[in-house]
file query_1.cif (mmCIF, N, CA, C and O atoms)
data_entry
#
loop_
_atom_site.label_atom_id
_atom_site.label_comp_id
_atom_site.auth_asym_id
_atom_site.auth_seq_id
_atom_site.Cartn_x
_atom_site.Cartn_y
_atom_site.Cartn_z
N MET A 1 101.25 73.42 75.13
CA MET A 1 101.57 72.06 74.74
C MET A 1 103.08 71.86 74.77
O MET A 1 103.83 72.78 74.53
N LEU A 2 103.49 70.67 75.06
CA LEU A 2 104.91 70.36 75.02
C LEU A 2 105.30 70.12 73.57
O LEU A 2 104.60 69.45 72.82
N ARG A 3 106.43 70.67 73.18
CA ARG A 3 106.92 70.45 71.83
C ARG A 3 108.44 70.47 71.87
O ARG A 3 109.05 71.04 72.77
N THR A 4 109.05 69.88 70.85
CA THR A 4 110.51 69.83 70.81
C THR A 4 111.04 71.16 70.30
O THR A 4 110.35 71.90 69.61
N GLU A 5 112.28 71.45 70.66
CA GLU A 5 112.93 72.66 70.16
C GLU A 5 113.37 72.41 68.73
O GLU A 5 113.69 71.30 68.34
N ASP A 6 113.43 73.49 67.95
CA ASP A 6 113.75 73.36 66.53
C ASP A 6 115.18 72.93 66.28
O ASP A 6 115.47 72.22 65.33
N ASP A 7 116.13 73.38 67.12
CA ASP A 7 117.54 73.13 66.85
C ASP A 7 118.11 71.89 67.53
O ASP A 7 119.31 71.76 67.68
N ILE A 8 117.26 70.97 67.94
CA ILE A 8 117.71 69.75 68.59
C ILE A 8 117.19 68.55 67.80
O ILE A 8 116.04 68.53 67.39
N LYS A 9 118.07 67.57 67.59
CA LYS A 9 117.65 66.36 66.90
C LYS A 9 117.08 65.39 67.93
O LYS A 9 117.81 64.88 68.77
N VAL A 10 115.80 65.18 67.88
CA VAL A 10 115.15 64.22 68.77
C VAL A 10 114.21 63.37 67.93
O VAL A 10 113.76 63.79 66.86
N PRO A 11 113.89 62.18 68.40
CA PRO A 11 112.95 61.36 67.65
C PRO A 11 111.57 62.02 67.61
O PRO A 11 111.23 62.82 68.48
N ALA A 12 110.82 61.69 66.60
CA ALA A 12 109.46 62.25 66.46
C ALA A 12 108.62 61.88 67.66
O ALA A 12 108.76 60.79 68.22
N PRO A 13 107.74 62.79 68.11
CA PRO A 13 106.93 62.48 69.29
C PRO A 13 105.97 61.34 69.01
O PRO A 13 105.46 61.18 67.91
N ARG A 14 105.75 60.53 70.05
CA ARG A 14 104.82 59.43 69.94
C ARG A 14 103.51 59.83 70.60
O ARG A 14 103.51 60.40 71.68
N PRO A 15 102.39 59.52 69.99
CA PRO A 15 101.11 59.83 70.64
C PRO A 15 100.92 58.96 71.87
O PRO A 15 101.43 57.85 71.94
N LEU A 16 100.22 59.49 72.85
CA LEU A 16 99.93 58.72 74.06
C LEU A 16 98.92 57.63 73.74
O LEU A 16 97.97 57.86 72.99
N PRO A 17 99.10 56.44 74.29
CA PRO A 17 98.10 55.39 74.06
C PRO A 17 96.78 55.77 74.72
O PRO A 17 96.73 56.54 75.68
N ALA A 18 95.72 55.20 74.24
CA ALA A 18 94.39 55.51 74.77
C ALA A 18 94.26 55.13 76.24
O ALA A 18 93.50 55.75 76.98
N SER A 19 95.02 54.14 76.68
CA SER A 19 94.93 53.70 78.07
C SER A 19 95.87 54.46 78.99
O SER A 19 96.00 54.14 80.16
N SER A 20 96.55 55.49 78.49
CA SER A 20 97.51 56.25 79.29
C SER A 20 96.82 57.01 80.41
O SER A 20 95.72 57.54 80.22
N PRO A 21 97.45 57.10 81.60
CA PRO A 21 96.86 57.88 82.69
C PRO A 21 97.02 59.39 82.48
O PRO A 21 96.45 60.18 83.20
N VAL A 22 97.80 59.81 81.48
CA VAL A 22 97.97 61.23 81.17
C VAL A 22 97.24 61.51 79.87
O VAL A 22 97.40 60.80 78.89
N SER A 23 96.47 62.57 79.86
CA SER A 23 95.70 62.92 78.68
C SER A 23 96.09 64.30 78.19
O SER A 23 96.31 65.20 78.98
N ARG A 24 96.18 64.49 76.88
CA ARG A 24 96.37 65.80 76.29
C ARG A 24 95.15 66.03 75.42
O ARG A 24 94.96 65.38 74.40
N THR A 25 94.32 66.94 75.83
CA THR A 25 93.04 67.10 75.16
C THR A 25 92.56 68.54 75.24
O THR A 25 93.12 69.34 75.97
N VAL A 26 91.53 68.88 74.51
CA VAL A 26 90.95 70.23 74.56
C VAL A 26 89.71 70.27 75.44
O VAL A 26 89.14 71.31 75.66
N ARG A 27 89.27 69.13 75.94
CA ARG A 27 88.10 69.11 76.82
C ARG A 27 88.42 68.28 78.06
O ARG A 27 89.41 67.57 78.09
N VAL A 28 87.61 68.38 79.05
CA VAL A 28 87.84 67.63 80.30
C VAL A 28 87.74 66.14 80.01
O VAL A 28 86.85 65.69 79.31
N CYS A 29 88.69 65.43 80.54
CA CYS A 29 88.75 63.98 80.35
C CYS A 29 88.64 63.33 81.72
O CYS A 29 89.64 63.16 82.41
N PRO A 30 87.44 62.96 82.17
CA PRO A 30 87.25 62.48 83.54
C PRO A 30 87.96 61.17 83.84
O PRO A 30 88.24 60.88 84.99
N ALA A 31 88.31 60.38 82.83
CA ALA A 31 88.94 59.09 83.08
C ALA A 31 90.42 59.22 83.40
O ALA A 31 91.01 58.33 83.97
N ALA A 32 91.04 60.32 83.03
CA ALA A 32 92.48 60.49 83.23
C ALA A 32 92.79 61.06 84.60
O ALA A 32 92.09 61.95 85.09
N THR A 33 93.83 60.54 85.25
CA THR A 33 94.29 61.07 86.53
C THR A 33 94.95 62.42 86.34
O THR A 33 94.81 63.32 87.15
N ALA A 34 95.69 62.55 85.24
CA ALA A 34 96.37 63.80 84.92
C ALA A 34 96.00 64.19 83.50
O ALA A 34 95.83 63.35 82.63
N ALA A 35 95.84 65.49 83.27
CA ALA A 35 95.50 65.97 81.94
C ALA A 35 96.19 67.30 81.68
O ALA A 35 96.32 68.13 82.57
N VAL A 36 96.66 67.48 80.46
CA VAL A 36 97.22 68.74 80.00
C VAL A 36 96.37 69.17 78.82
O VAL A 36 96.21 68.42 77.86
N PHE A 37 95.81 70.37 78.88
CA PHE A 37 94.91 70.83 77.84
C PHE A 37 95.63 71.77 76.89
O PHE A 37 96.62 72.41 77.25
N ALA A 38 95.12 71.88 75.68
CA ALA A 38 95.77 72.67 74.63
C ALA A 38 95.84 74.16 74.99
O ALA A 38 96.71 74.87 74.51
N ASP A 39 94.97 74.65 75.85
CA ASP A 39 94.98 76.07 76.21
C ASP A 39 95.92 76.39 77.36
O ASP A 39 95.97 77.51 77.84
N GLY A 40 96.70 75.41 77.85
CA GLY A 40 97.65 75.64 78.93
C GLY A 40 97.12 75.21 80.29
O GLY A 40 97.83 75.26 81.28
N ALA A 41 95.86 74.79 80.35
CA ALA A 41 95.31 74.32 81.62
C ALA A 41 95.82 72.90 81.89
O ALA A 41 96.20 72.17 80.98
N TRP A 42 95.85 72.54 83.16
CA TRP A 42 96.28 71.21 83.55
C TRP A 42 95.43 70.73 84.72
O TRP A 42 94.79 71.52 85.41
N ARG A 43 95.46 69.42 84.93
CA ARG A 43 94.75 68.83 86.06
C ARG A 43 95.54 67.63 86.52
O ARG A 43 96.00 66.83 85.72
N LEU A 44 95.74 67.52 87.83
CA LEU A 44 96.39 66.37 88.43
C LEU A 44 95.55 65.99 89.62
O LEU A 44 95.57 66.67 90.66
N ALA A 45 94.79 64.94 89.48
CA ALA A 45 93.79 64.52 90.48
C ALA A 45 92.84 65.68 90.73
O ALA A 45 92.19 66.14 89.81
N LEU A 46 92.80 66.22 91.95
CA LEU A 46 91.89 67.33 92.25
C LEU A 46 92.52 68.70 92.02
O LEU A 46 91.83 69.71 92.04
N ALA A 47 93.82 68.75 91.82
CA ALA A 47 94.51 70.03 91.60
C ALA A 47 94.37 70.45 90.15
O ALA A 47 94.54 69.64 89.23
N THR A 48 94.06 71.73 89.93
CA THR A 48 93.95 72.25 88.57
C THR A 48 94.65 73.59 88.49
O THR A 48 94.90 74.24 89.51
N GLY A 49 94.94 74.02 87.29
CA GLY A 49 95.57 75.33 87.10
C GLY A 49 95.85 75.59 85.64
O GLY A 49 95.52 74.78 84.77
N THR A 50 96.45 76.74 85.38
CA THR A 50 96.88 77.08 84.03
C THR A 50 98.28 77.64 84.10
O THR A 50 98.69 78.20 85.11
N TRP A 51 98.99 77.50 83.00
CA TRP A 51 100.37 77.97 82.97
C TRP A 51 100.85 78.01 81.54
O TRP A 51 100.43 77.22 80.70
N SER A 52 101.74 78.93 81.24
CA SER A 52 102.36 78.97 79.93
C SER A 52 103.73 79.61 80.06
O SER A 52 104.00 80.33 81.01
N LYS A 53 104.60 79.32 79.12
CA LYS A 53 105.95 79.89 79.09
C LYS A 53 106.24 80.28 77.65
O LYS A 53 105.83 79.61 76.72
N LEU A 54 106.97 81.38 77.49
CA LEU A 54 107.37 81.78 76.15
C LEU A 54 108.49 80.89 75.62
O LEU A 54 108.53 80.56 74.46
N LYS A 55 109.42 80.53 76.51
CA LYS A 55 110.55 79.68 76.12
C LYS A 55 110.69 78.55 77.14
O LYS A 55 110.45 78.76 78.32
N PRO A 56 111.13 77.39 76.70
CA PRO A 56 111.34 76.31 77.66
C PRO A 56 112.48 76.66 78.61
O PRO A 56 113.44 77.32 78.22
N ALA A 57 112.39 76.20 79.86
CA ALA A 57 113.42 76.53 80.83
C ALA A 57 113.97 75.33 81.58
O ALA A 57 115.05 75.41 82.14
N TYR A 58 113.28 74.23 81.62
CA TYR A 58 113.72 73.13 82.47
C TYR A 58 113.92 71.82 81.72
O TYR A 58 114.69 70.98 82.15
N VAL A 59 113.26 71.62 80.61
CA VAL A 59 113.32 70.35 79.90
C VAL A 59 114.27 70.49 78.72
O VAL A 59 114.08 71.34 77.86
N GLY A 60 115.29 69.68 78.70
CA GLY A 60 116.24 69.69 77.59
C GLY A 60 117.51 70.45 77.91
O GLY A 60 117.52 71.38 78.70
N ASP A 61 118.59 70.03 77.27
CA ASP A 61 119.89 70.66 77.53
C ASP A 61 119.92 72.13 77.15
O ASP A 61 120.39 72.96 77.91
N LEU A 62 119.43 72.47 75.96
CA LEU A 62 119.45 73.87 75.54
C LEU A 62 118.55 74.73 76.42
O LEU A 62 118.88 75.88 76.71
N ALA A 63 117.44 74.17 76.85
CA ALA A 63 116.53 74.93 77.70
C ALA A 63 117.18 75.26 79.04
O ALA A 63 116.94 76.32 79.60
N ARG A 64 118.01 74.39 79.55
CA ARG A 64 118.73 74.67 80.81
C ARG A 64 119.95 75.53 80.56
O ARG A 64 120.35 76.32 81.40
N GLN A 65 120.56 75.38 79.37
CA GLN A 65 121.78 76.13 79.07
C GLN A 65 121.49 77.62 78.85
O GLN A 65 122.27 78.47 79.27
N ARG A 66 120.36 77.96 78.24
CA ARG A 66 120.05 79.37 77.97
C ARG A 66 119.98 80.21 79.24
O ARG A 66 120.63 81.25 79.32
N PRO A 67 119.20 79.82 80.25
CA PRO A 67 119.18 80.64 81.48
C PRO A 67 120.54 80.67 82.17
O PRO A 67 120.93 81.69 82.74
N ARG A 68 121.28 79.57 82.09
CA ARG A 68 122.60 79.53 82.71
C ARG A 68 123.53 80.53 82.02
O ARG A 68 124.23 81.29 82.68
N GLN A 69 123.51 80.57 80.68
CA GLN A 69 124.35 81.51 79.94
C GLN A 69 123.91 82.95 80.21
O GLN A 69 124.74 83.84 80.34
N ARG A 70 122.59 83.18 80.31
CA ARG A 70 122.10 84.52 80.62
C ARG A 70 122.58 84.95 82.00
O ARG A 70 123.04 86.07 82.20
N ARG A 71 122.52 84.05 82.98
CA ARG A 71 122.96 84.37 84.34
C ARG A 71 124.46 84.61 84.38
O ARG A 71 124.93 85.51 85.09
N ILE A 72 125.23 83.84 83.64
CA ILE A 72 126.67 84.05 83.57
C ILE A 72 126.96 85.44 83.01
O ILE A 72 127.83 86.16 83.50
N GLY A 73 126.22 85.84 81.98
CA GLY A 73 126.38 87.18 81.40
C GLY A 73 126.05 88.27 82.41
O GLY A 73 126.77 89.27 82.52
N GLU A 74 124.95 88.07 83.17
CA GLU A 74 124.57 89.05 84.20
C GLU A 74 125.66 89.17 85.26
O GLU A 74 126.02 90.28 85.68
N LEU A 75 126.19 88.03 85.70
CA LEU A 75 127.22 88.04 86.73
C LEU A 75 128.53 88.63 86.21
O LEU A 75 129.24 89.33 86.95
N THR A 76 128.84 88.40 84.94
CA THR A 76 130.03 88.99 84.34
C THR A 76 129.90 90.51 84.30
O THR A 76 130.85 91.24 84.64
N ASP A 77 128.72 91.00 83.89
CA ASP A 77 128.48 92.44 83.88
C ASP A 77 128.59 93.02 85.28
O ASP A 77 129.20 94.07 85.49
N ARG A 78 128.00 92.34 86.25
CA ARG A 78 128.05 92.82 87.64
C ARG A 78 129.48 92.83 88.15
O ARG A 78 129.89 93.76 88.85
N SER A 79 130.25 91.81 87.80
CA SER A 79 131.65 91.75 88.21
C SER A 79 132.43 92.92 87.61
O SER A 79 133.26 93.54 88.29
N SER A 80 132.16 93.25 86.35
CA SER A 80 132.83 94.39 85.71
C SER A 80 132.47 95.69 86.42
O SER A 80 133.34 96.54 86.63
N GLU A 81 131.20 95.84 86.79
CA GLU A 81 130.78 97.04 87.53
C GLU A 81 131.48 97.12 88.88
O GLU A 81 131.94 98.21 89.28
N MET A 82 131.59 96.00 89.57
CA MET A 82 132.25 95.99 90.88
C MET A 82 133.74 96.30 90.73
O MET A 82 134.31 97.03 91.55
N ASN A 83 134.37 95.77 89.68
CA ASN A 83 135.79 96.07 89.46
C ASN A 83 136.00 97.54 89.17
O ASN A 83 136.98 98.15 89.65
N ALA A 84 135.08 98.15 88.41
CA ALA A 84 135.19 99.59 88.13
C ALA A 84 135.00 100.39 89.42
O ALA A 84 135.71 101.38 89.66
N ALA A 85 134.06 99.98 90.27
CA ALA A 85 133.84 100.67 91.54
C ALA A 85 135.07 100.54 92.44
O ALA A 85 135.48 101.51 93.09
N LEU A 86 135.68 99.37 92.48
CA LEU A 86 136.89 99.17 93.28
C LEU A 86 138.04 100.03 92.76
O LEU A 86 138.81 100.59 93.54
N ALA A 87 138.17 100.13 91.44
CA ALA A 87 139.23 100.97 90.87
C ALA A 87 139.00 102.43 91.25
O ALA A 87 139.97 103.14 91.58
N ALA A 88 137.75 102.88 91.23
CA ALA A 88 137.45 104.26 91.63
C ALA A 88 137.79 104.48 93.10
O ALA A 88 138.34 105.52 93.48
N LEU A 89 137.50 103.49 93.95
CA LEU A 89 137.84 103.61 95.37
C LEU A 89 139.35 103.60 95.58
O LEU A 89 139.86 104.32 96.45
N ASP A 90 140.08 102.79 94.80
CA ASP A 90 141.54 102.80 94.89
C ASP A 90 142.10 104.17 94.52
O ASP A 90 143.02 104.67 95.17
N ASP A 91 141.55 104.78 93.47
CA ASP A 91 141.98 106.13 93.09
C ASP A 91 141.72 107.11 94.22
O ASP A 91 142.56 107.96 94.54
N ARG A 92 140.55 107.00 94.82
CA ARG A 92 140.19 107.90 95.94
C ARG A 92 141.15 107.71 97.11
O ARG A 92 141.57 108.68 97.75
N LEU A 93 141.50 106.44 97.41
CA LEU A 93 142.46 106.16 98.50
C LEU A 93 143.83 106.76 98.20
O LEU A 93 144.49 107.30 99.09
N ARG A 94 144.27 106.68 96.94
CA ARG A 94 145.56 107.28 96.57
C ARG A 94 145.53 108.80 96.77
O ARG A 94 146.48 109.40 97.27
N ILE A 95 144.43 109.43 96.39
CA ILE A 95 144.28 110.88 96.56
C ILE A 95 144.32 111.24 98.04
O ILE A 95 145.00 112.19 98.46
N LEU A 96 143.59 110.46 98.85
CA LEU A 96 143.57 110.74 100.30
C LEU A 96 144.94 110.51 100.92
O LEU A 96 145.36 111.25 101.82
N ALA A 97 145.65 109.48 100.47
CA ALA A 97 146.99 109.22 101.01
C ALA A 97 147.93 110.37 100.66
O ALA A 97 148.74 110.81 101.50
N ALA A 98 147.82 110.90 99.43
CA ALA A 98 148.65 112.04 99.03
C ALA A 98 148.30 113.27 99.87
O ALA A 98 149.20 114.02 100.30
N ARG A 99 147.03 113.50 100.16
CA ARG A 99 146.62 114.63 100.99
C ARG A 99 147.15 114.47 102.41
O ARG A 99 147.57 115.45 103.04
N ARG A 100 147.16 113.23 102.90
CA ARG A 100 147.68 112.99 104.25
C ARG A 100 149.17 113.31 104.31
O ARG A 100 149.65 113.91 105.28
N VAL A 101 149.90 112.89 103.28
CA VAL A 101 151.35 113.17 103.25
C VAL A 101 151.57 114.68 103.24
O VAL A 101 152.41 115.20 103.98
N ARG A 102 150.81 115.41 102.42
CA ARG A 102 150.95 116.88 102.38
C ARG A 102 150.56 117.50 103.72
O ARG A 102 151.22 118.42 104.22
N SER A 103 149.50 117.00 104.33
CA SER A 103 149.05 117.52 105.62
C SER A 103 150.10 117.28 106.70
O SER A 103 150.38 118.16 107.52
N ASP A 104 150.68 116.07 106.69
CA ASP A 104 151.74 115.75 107.66
C ASP A 104 152.95 116.66 107.44
O ASP A 104 153.58 117.12 108.39
N ALA A 105 153.27 116.93 106.18
CA ALA A 105 154.41 117.79 105.87
C ALA A 105 154.14 119.22 106.35
O ALA A 105 155.03 119.90 106.87
N ASP A 106 152.89 119.69 106.16
CA ASP A 106 152.54 121.04 106.61
C ASP A 106 152.58 121.15 108.13
O ASP A 106 152.95 122.17 108.68
N ARG A 107 152.18 120.11 108.79
CA ARG A 107 152.13 120.12 110.26
C ARG A 107 153.53 120.13 110.80
O ARG A 107 153.95 120.75 111.69
#
call {"tool": "encode", "arguments": {"input": "query_1.cif", "output": "structure tokens"}}
result
Amino acid sequence: MLRTEDDIKVPAPRPLPASSPVSRTVRVCPAATAAVFADGAWRLALATGTWSKLKPAYVGDLARQRPRQRRIGELTDRSSEMNAALAALDDRLRILAARRVRSDADR
């Protein structure tokens, strides 16, 4: 079922009018073109299915902000890993350059 998030101030939900083309019910409603059932099932004309989510992801500012912040964190971590790998490669290049200088001197 659709519900509001706890930490957002929104007006109280309004029930759908009886003549609405969208139905929220626990049983099949043949008069409605679209229906969302309490168990997560849905119907849109002839298409049917089920779906559920643990957390909202697309509706509402906070719902969109959470995945964005999570992705920013993942990319920040990845960037830190890449910077550490580049620093290790720079150290390796310095070591190789020093070996080349010694090798050239020996030659």
call {"tool": "closest_residue", "arguments": {"input": "query_1.cif", "among": "A:Thr33, A:Pro67, A:Asp91, A:Val101", "to": "Ala45 of chain A", "atoms": "only N, CA, C and O atoms"}}
result
A:Thr33
call {"tool": "atom_distance", "arguments": {"input": "query_1.cif", "atom1": "atom C of Phe37 of chain A", "atom2": "atom CA of Trp51 of chain A"}}
result
9.9 Å
call {"tool": "atom_distance", "arguments": {"input": "query_1.cif", "atom1": "atom CA of Ala41 of chain A", "atom2": "atom CA of Val59 of chain A"}}
result
18.5 Å
call {"tool": "atom_distance", "arguments": {"input": "query_1.cif", "atom1": "atom CA of Ala87 of chain A", "atom2": "atom O of Gly73 of chain A"}}
result
19.0 Å
call {"tool": "resolve_selection", "arguments": {"input": "query_1.cif", "expression": "the PyMOL selection byres (((chain A and resi 46 and name CA) around 12) and name CA)", "output": "list of chain:residue names"}}
result
A:Pro30, A:Ala32, A:Thr33, A:Ala34, A:Ala35, A:Trp42, A:Arg43, A:Leu44, A:Ala45, A:Ala47, A:Thr48, A:Gly49
call {"tool": "build_atoms", "arguments": {"input": "query_1.cif", "residues": "segment 37-48 of chain A", "atoms": "all heavy atoms", "output": "PDB file, in the coordinates of the input"}}
result
ATOM      1  N   PHE A  37      95.810  70.370  78.880  1.00  0.00           N
ATOM      2  CA  PHE A  37      94.910  70.830  77.840  1.00  0.00           C
ATOM      3  C   PHE A  37      95.630  71.770  76.890  1.00  0.00           C
ATOM      4  O   PHE A  37      96.620  72.410  77.250  1.00  0.00           O
ATOM      5  CB  PHE A  37      93.692  71.520  78.474  1.00  0.00           C
ATOM      6  CG  PHE A  37      92.988  70.629  79.472  1.00  0.00           C
ATOM      7  CD1 PHE A  37      93.173  70.820  80.825  1.00  0.00           C
ATOM      8  CD2 PHE A  37      92.183  69.595  79.045  1.00  0.00           C
ATOM      9  CE1 PHE A  37      92.541  69.997  81.744  1.00  0.00           C
ATOM     10  CE2 PHE A  37      91.555  68.764  79.962  1.00  0.00           C
ATOM     11  CZ  PHE A  37      91.736  68.965  81.316  1.00  0.00           C
ATOM     12  N   ALA A  38      95.120  71.880  75.680  1.00  0.00           N
ATOM     13  CA  ALA A  38      95.770  72.670  74.630  1.00  0.00           C
ATOM     14  C   ALA A  38      95.840  74.160  74.990  1.00  0.00           C
ATOM     15  O   ALA A  38      96.710  74.870  74.510  1.00  0.00           O
ATOM     16  CB  ALA A  38      95.028  72.486  73.316  1.00  0.00           C
ATOM     17  N   ASP A  39      94.970  74.650  75.850  1.00  0.00           N
ATOM     18  CA  ASP A  39      94.980  76.070  76.210  1.00  0.00           C
ATOM     19  C   ASP A  39      95.920  76.390  77.360  1.00  0.00           C
ATOM     20  O   ASP A  39      95.970  77.510  77.840  1.00  0.00           O
ATOM     21  CB  ASP A  39      93.568  76.541  76.551  1.00  0.00           C
ATOM     22  CG  ASP A  39      92.994  75.863  77.787  1.00  0.00           C
ATOM     23  OD1 ASP A  39      93.624  74.912  78.310  1.00  0.00           O
ATOM     24  OD2 ASP A  39      91.914  76.272  78.232  1.00  0.00           O
ATOM     25  N   GLY A  40      96.700  75.410  77.850  1.00  0.00           N
ATOM     26  CA  GLY A  40      97.650  75.640  78.930  1.00  0.00           C
ATOM     27  C   GLY A  40      97.120  75.210  80.290  1.00  0.00           C
ATOM     28  O   GLY A  40      97.830  75.260  81.280  1.00  0.00           O
ATOM     29  N   ALA A  41      95.860  74.790  80.350  1.00  0.00           N
ATOM     30  CA  ALA A  41      95.310  74.320  81.620  1.00  0.00           C
ATOM     31  C   ALA A  41      95.820  72.900  81.890  1.00  0.00           C
ATOM     32  O   ALA A  41      96.200  72.170  80.980  1.00  0.00           O
ATOM     33  CB  ALA A  41      93.783  74.326  81.563  1.00  0.00           C
ATOM     34  N   TRP A  42      95.850  72.540  83.160  1.00  0.00           N
ATOM     35  CA  TRP A  42      96.280  71.210  83.550  1.00  0.00           C
ATOM     36  C   TRP A  42      95.430  70.730  84.720  1.00  0.00           C
ATOM     37  O   TRP A  42      94.790  71.520  85.410  1.00  0.00           O
ATOM     38  CB  TRP A  42      97.762  71.187  83.912  1.00  0.00           C
ATOM     39  CG  TRP A  42      98.116  72.163  84.996  1.00  0.00           C
ATOM     40  CD1 TRP A  42      98.502  73.444  84.830  1.00  0.00           C
ATOM     41  CD2 TRP A  42      98.059  71.938  86.411  1.00  0.00           C
ATOM     42  NE1 TRP A  42      98.715  74.042  86.042  1.00  0.00           N
ATOM     43  CE2 TRP A  42      98.447  73.132  87.044  1.00  0.00           C
ATOM     44  CE3 TRP A  42      97.728  70.854  87.205  1.00  0.00           C
ATOM     45  CZ2 TRP A  42      98.506  73.269  88.426  1.00  0.00           C
ATOM     46  CZ3 TRP A  42      97.787  70.985  88.584  1.00  0.00           C
ATOM     47  CH2 TRP A  42      98.187  72.178  89.188  1.00  0.00           C
ATOM     48  N   ARG A  43      95.460  69.420  84.930  1.00  0.00           N
ATOM     49  CA  ARG A  43      94.750  68.830  86.060  1.00  0.00           C
ATOM     50  C   ARG A  43      95.540  67.630  86.520  1.00  0.00           C
ATOM     51  O   ARG A  43      96.000  66.830  85.720  1.00  0.00           O
ATOM     52  CB  ARG A  43      93.346  68.393  85.638  1.00  0.00           C
ATOM     53  CG  ARG A  43      92.556  67.769  86.770  1.00  0.00           C
ATOM     54  CD  ARG A  43      91.106  67.578  86.374  1.00  0.00           C
ATOM     55  NE  ARG A  43      90.981  66.840  85.133  1.00  0.00           N
ATOM     56  CZ  ARG A  43      90.833  65.526  85.054  1.00  0.00           C
ATOM     57  NH1 ARG A  43      90.790  64.797  86.136  1.00  0.00           N
ATOM     58  NH2 ARG A  43      90.734  64.942  83.887  1.00  0.00           N
ATOM     59  N   LEU A  44      95.740  67.520  87.830  1.00  0.00           N
ATOM     60  CA  LEU A  44      96.390  66.370  88.430  1.00  0.00           C
ATOM     61  C   LEU A  44      95.550  65.990  89.620  1.00  0.00           C
ATOM     62  O   LEU A  44      95.570  66.670  90.660  1.00  0.00           O
ATOM     63  CB  LEU A  44      97.828  66.707  88.856  1.00  0.00           C
ATOM     64  CG  LEU A  44      98.624  65.581  89.500  1.00  0.00           C
ATOM     65  CD1 LEU A  44      98.739  64.394  88.558  1.00  0.00           C
ATOM     66  CD2 LEU A  44     100.001  66.070  89.886  1.00  0.00           C
ATOM     67  N   ALA A  45      94.790  64.940  89.480  1.00  0.00           N
ATOM     68  CA  ALA A  45      93.790  64.520  90.480  1.00  0.00           C
ATOM     69  C   ALA A  45      92.840  65.680  90.730  1.00  0.00           C
ATOM     70  O   ALA A  45      92.190  66.140  89.810  1.00  0.00           O
ATOM     71  CB  ALA A  45      94.470  64.007  91.733  1.00  0.00           C
ATOM     72  N   LEU A  46      92.800  66.220  91.950  1.00  0.00           N
ATOM     73  CA  LEU A  46      91.890  67.330  92.250  1.00  0.00           C
ATOM     74  C   LEU A  46      92.520  68.700  92.020  1.00  0.00           C
ATOM     75  O   LEU A  46      91.830  69.710  92.040  1.00  0.00           O
ATOM     76  CB  LEU A  46      91.404  67.230  93.696  1.00  0.00           C
ATOM     77  CG  LEU A  46      90.576  65.982  94.030  1.00  0.00           C
ATOM     78  CD1 LEU A  46      90.234  65.966  95.509  1.00  0.00           C
ATOM     79  CD2 LEU A  46      89.327  65.920  93.185  1.00  0.00           C
ATOM     80  N   ALA A  47      93.820  68.750  91.820  1.00  0.00           N
ATOM     81  CA  ALA A  47      94.510  70.030  91.600  1.00  0.00           C
ATOM     82  C   ALA A  47      94.370  70.450  90.150  1.00  0.00           C
ATOM     83  O   ALA A  47      94.540  69.640  89.230  1.00  0.00           O
ATOM     84  CB  ALA A  47      95.977  69.900  91.970  1.00  0.00           C
ATOM     85  N   THR A  48      94.060  71.730  89.930  1.00  0.00           N
ATOM     86  CA  THR A  48      93.950  72.250  88.570  1.00  0.00           C
ATOM     87  C   THR A  48      94.650  73.590  88.490  1.00  0.00           C
ATOM     88  O   THR A  48      94.900  74.240  89.510  1.00  0.00           O
ATOM     89  CB  THR A  48      92.474  72.452  88.162  1.00  0.00           C
ATOM     90  OG1 THR A  48      91.880  73.393  89.053  1.00  0.00           O
ATOM     91  CG2 THR A  48      91.708  71.150  88.197  1.00  0.00           C
TER      92      THR A  48
END
